[in-house]
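Heads up: the structure comes next, in structure tokens.
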Amino acid sequence: MGSKNKLKRFKQNETFKNVIQPTREEVFSNSLNLKGNWKQNFFKNDKPLVLELGCGKGEYSVNLARNYPNHNFLGIDIKGARFWRGAKTALEEKLDNVGFLRTQIELIDLLFEENEVDEIWITFPDPQIKYKRTKHRLTNEDFLNKYRKVLKPDGLVHLKTDSEFMHGYTLGLLHGLDEKIEYAHHDVYGNSHSPKEVTGIQTFYEQQYLEENKKITYIRFTFR
């Protein structure tokens, strides 16, 4: 994507009512008046709040919003030029139950109150395979502690990935921490009992993975 196109998208994001782009100062000073009030102040309702972390182009968030109108969905990514597509689609389709937040995922505990979030989706994250990149894996113990903090008791976390490494790493960590794994499978499209919200939505890249006969894995868990 050219730099001019990126700048154009950044400018458009500033005009989109379904996009929030806080500065770090606003995040750390809690001056957005959204922490603890996302349902009331942003979505203007009291429906369950679901986050998609590392939402990319926003395809999954938008499709979840289409399929589950009685939930609020918030796609989170630091790359605003990417989720511009999802935000624009949502506005065009008048989907008022999905929005986008441009921020670093490691700041979510500063943007959401304890027990404010009902579910979290992590879809096709960078597995950060090299050991020195462990701190950037979205299911490492530090991130899990942040998710535990913002999630309601028994709130669900979903991990959908094409990385067998990420799948195995996360399963091992969850077992070691004695968390409650509700569902896990290394090939959701090869399993007739896979949840429909997992197989019923496919991103552009996911479709490419499937054409290459790549296995798509999925884990659903809660914290004890």
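Here's how to read the names in the structure tokens: chain A, B, ... by the order shown, residue numbers from 1 in each chain, ligand numbers from 1 in the order shown.
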Determine, using only C-alpha atoms, which residues of region 106-190 of chain A have any atom at most 8 Å from an atom of region 12-34 of chain A, and tabulate each with its shortest atom pair and distance in Å to one decimal place, rows ordered by chain and then rising number, as a tab-separated table.
residue	atom	partner	partner_atom	distance
A:Leu107	CA	A:Val27	CA	7.9
A:Leu110	CA	A:Val27	CA	6.5
A:Leu111	CA	A:Val27	CA	6.5
A:Phe112	CA	A:Leu34	CA	7.7
### Message
Can you tell me which residues surround His71 (chain A) at a distance of at most 9 Å, considering only C-alpha atoms, apart from same-chain residues fewer than 4 positions away, and format the answer as a PyMOL selection string?
### Response
chain A and resi 46-50+64-65+97-98
Write the selection just made, keeping N, CA, C and O atoms, as a PDB file, in the first residue's frame?
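Ended up saving to result03.pdb:
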ATOM      1  N   ASP A  46     -26.541  -1.949  26.043  1.00  0.00           N
ATOM      2  CA  ASP A  46     -25.991  -2.760  27.137  1.00  0.00           C
ATOM      3  C   ASP A  46     -25.756  -4.205  26.678  1.00  0.00           C
ATOM      4  O   ASP A  46     -25.848  -5.134  27.471  1.00  0.00           O
ATOM      5  N   LYS A  47     -25.449  -4.380  25.404  1.00  0.00           N
ATOM      6  CA  LYS A  47     -25.207  -5.722  24.868  1.00  0.00           C
ATOM      7  C   LYS A  47     -23.818  -6.209  25.280  1.00  0.00           C
ATOM      8  O   LYS A  47     -22.921  -5.401  25.562  1.00  0.00           O
ATOM      9  N   PRO A  48     -23.593  -7.514  25.294  1.00  0.00           N
ATOM     10  CA  PRO A  48     -22.272  -8.058  25.636  1.00  0.00           C
ATOM     11  C   PRO A  48     -21.174  -7.490  24.733  1.00  0.00           C
ATOM     12  O   PRO A  48     -21.394  -7.283  23.531  1.00  0.00           O
ATOM     13  N   LEU A  49     -20.008  -7.249  25.316  1.00  0.00           N
ATOM     14  CA  LEU A  49     -18.886  -6.651  24.603  1.00  0.00           C
ATOM     15  C   LEU A  49     -17.846  -7.715  24.246  1.00  0.00           C
ATOM     16  O   LEU A  49     -17.346  -8.419  25.123  1.00  0.00           O
ATOM     17  N   VAL A  50     -17.520  -7.801  22.958  1.00  0.00           N
ATOM     18  CA  VAL A  50     -16.566  -8.791  22.453  1.00  0.00           C
ATOM     19  C   VAL A  50     -15.423  -8.063  21.744  1.00  0.00           C
ATOM     20  O   VAL A  50     -15.664  -7.211  20.888  1.00  0.00           O
ATOM     21  N   LEU A  64     -18.701 -11.152  12.477  1.00  0.00           N
ATOM     22  CA  LEU A  64     -19.315 -11.477  13.766  1.00  0.00           C
ATOM     23  C   LEU A  64     -20.480 -10.531  14.052  1.00  0.00           C
ATOM     24  O   LEU A  64     -21.530 -10.951  14.541  1.00  0.00           O
ATOM     25  N   ALA A  65     -20.295  -9.252  13.723  1.00  0.00           N
ATOM     26  CA  ALA A  65     -21.359  -8.269  13.938  1.00  0.00           C
ATOM     27  C   ALA A  65     -22.582  -8.583  13.082  1.00  0.00           C
ATOM     28  O   ALA A  65     -23.723  -8.414  13.526  1.00  0.00           O
ATOM     29  N   ASN A  97     -23.213  -2.220  15.637  1.00  0.00           N
ATOM     30  CA  ASN A  97     -22.721  -3.034  16.748  1.00  0.00           C
ATOM     31  C   ASN A  97     -21.268  -3.462  16.561  1.00  0.00           C
ATOM     32  O   ASN A  97     -20.810  -4.422  17.171  1.00  0.00           O
ATOM     33  N   VAL A  98     -20.533  -2.722  15.719  1.00  0.00           N
ATOM     34  CA  VAL A  98     -19.109  -3.007  15.553  1.00  0.00           C
ATOM     35  C   VAL A  98     -18.345  -1.696  15.418  1.00  0.00           C
ATOM     36  O   VAL A  98     -18.785  -0.755  14.752  1.00  0.00           O
TER      37      VAL A  98
END
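Compared by their closest atoms to Asp126 (chain A), and using only C-alpha atoms, the residues A:Lys214, A:His167, A:Lys152, A:His158 rank with A:His167 nearest.
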### Task
Mind listing the helix (DSSP H, G or I) residues of region 75-213 of chain A, per DSSP on the backbone, as a PyMOL selection string?
chain A and resi 80-92+105-111+131-136+141-150+164-176+188-190+196-199+204-211
### Query
Separation of CA of Phe204 (chain A) and CA of Glu182 (chain A), in Å?
27.2 Å
### Query
Which residue gives the smallest distance to Pro125 (chain A) among A:Tyr147, A:Tyr189, A:Tyr205, A:Tyr68, with only C-alpha atoms counted?
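Closest residue, counting only C-alpha atoms: A:Tyr205.
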### Message
Could you list, as a ChimeraX atom specification, every residue within 8 Å of Asp178 (chain A), counting only C-alpha atoms and ignoring same-chain residues fewer than 3 positions away?
### Response
/A:174-175,224
### Query
So how far away is CA of Leu7 (chain A) from CA of Trp84 (chain A), in Å?
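Answer for the CA of Trp84 (chain A) to CA of Leu7 (chain A) separation: 11.2 Å.
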### Query
In terms of the shortest atom-to-atom distance over only C-alpha atoms, which of A:Tyr169, A:Phe143, A:Phe42, A:Tyr209 is closest to Ile120 (chain A)?
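Closest residue, counting only C-alpha atoms: A:Phe143.
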### Query
If you measure from CA of Pro69 (chain A) to CA of Trp121 (chain A), what distance in Å do you get, rounded to one decimal?
16.6 Å
### Message
Which residue is closest to Gly200 (chain A)? Choose from A:Lys4, A:Arg66, A:His186, A:Lys11 and count only C-alpha atoms.
### Response
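Going through A:Lys4, A:Arg66, A:His186, A:Lys11 one by one, the smallest distance to Gly200 (chain A) is for A:Arg66.
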### Residue neighbourhood Gly54 (chain A), 8 Å, only C-alpha atoms, exclusion window fewer than 3 positions, as a ChimeraX atom specification
/A:75-78,105,122-123,125
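These are the residues of region 36-98 of chain A assigned strand (DSSP E) by DSSP from backbone coordinates: Leu49, Val50, Leu51, Glu52, Leu53, Asn72, Phe73, Leu74, Gly75, Ile76, Asp77 and Val98 of chain A.
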Serialized selection, N, CA, C and O atoms, as a short mmCIF file (atom, residue, chain, number, x, y, z; two decimals), in the first residue's frame:
data_model
loop_
_atom_site.label_atom_id
_atom_site.label_comp_id
_atom_site.auth_asym_id
_atom_site.auth_seq_id
_atom_site.Cartn_x
_atom_site.Cartn_y
_atom_site.Cartn_z
N LEU A 49 -20.01 -7.25 25.32
CA LEU A 49 -18.89 -6.65 24.60
C LEU A 49 -17.85 -7.71 24.25
O LEU A 49 -17.35 -8.42 25.12
N VAL A 50 -17.52 -7.80 22.96
CA VAL A 50 -16.57 -8.79 22.45
C VAL A 50 -15.42 -8.06 21.74
O VAL A 50 -15.66 -7.21 20.89
N LEU A 51 -14.18 -8.40 22.09
CA LEU A 51 -13.01 -7.80 21.46
C LEU A 51 -12.39 -8.77 20.46
O LEU A 51 -12.34 -9.98 20.71
N GLU A 52 -11.90 -8.23 19.34
CA GLU A 52 -11.03 -9.00 18.45
C GLU A 52 -9.67 -8.33 18.49
O GLU A 52 -9.52 -7.17 18.09
N LEU A 53 -8.66 -9.06 18.95
CA LEU A 53 -7.32 -8.50 19.11
C LEU A 53 -6.48 -8.80 17.87
O LEU A 53 -6.39 -9.93 17.41
N ASN A 72 -21.98 -6.54 20.92
CA ASN A 72 -21.11 -5.46 20.43
C ASN A 72 -19.72 -6.02 20.15
O ASN A 72 -19.19 -6.78 20.97
N PHE A 73 -19.14 -5.62 19.03
CA PHE A 73 -17.81 -6.10 18.66
C PHE A 73 -16.86 -4.92 18.46
O PHE A 73 -17.22 -3.92 17.82
N LEU A 74 -15.67 -5.07 19.00
CA LEU A 74 -14.66 -4.01 18.89
C LEU A 74 -13.36 -4.62 18.40
O LEU A 74 -12.72 -5.41 19.10
N GLY A 75 -12.98 -4.29 17.16
CA GLY A 75 -11.72 -4.75 16.60
C GLY A 75 -10.58 -3.84 17.04
O GLY A 75 -10.70 -2.62 16.96
N ILE A 76 -9.49 -4.44 17.50
CA ILE A 76 -8.36 -3.66 18.02
C ILE A 76 -7.11 -3.97 17.22
O ILE A 76 -6.74 -5.14 17.03
N ASP A 77 -6.45 -2.94 16.75
CA ASP A 77 -5.19 -3.10 16.00
C ASP A 77 -4.48 -1.77 16.01
O ASP A 77 -5.12 -0.71 16.08
N VAL A 98 -20.53 -2.72 15.72
CA VAL A 98 -19.11 -3.01 15.55
C VAL A 98 -18.35 -1.70 15.42
O VAL A 98 -18.78 -0.76 14.75
#
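In this comparison, which uses only C-alpha atoms, the residue of A:Ile108, A:Val150, A:Ala81, A:Leu95 approaching Lys8 (chain A) most closely is A:Ala81.
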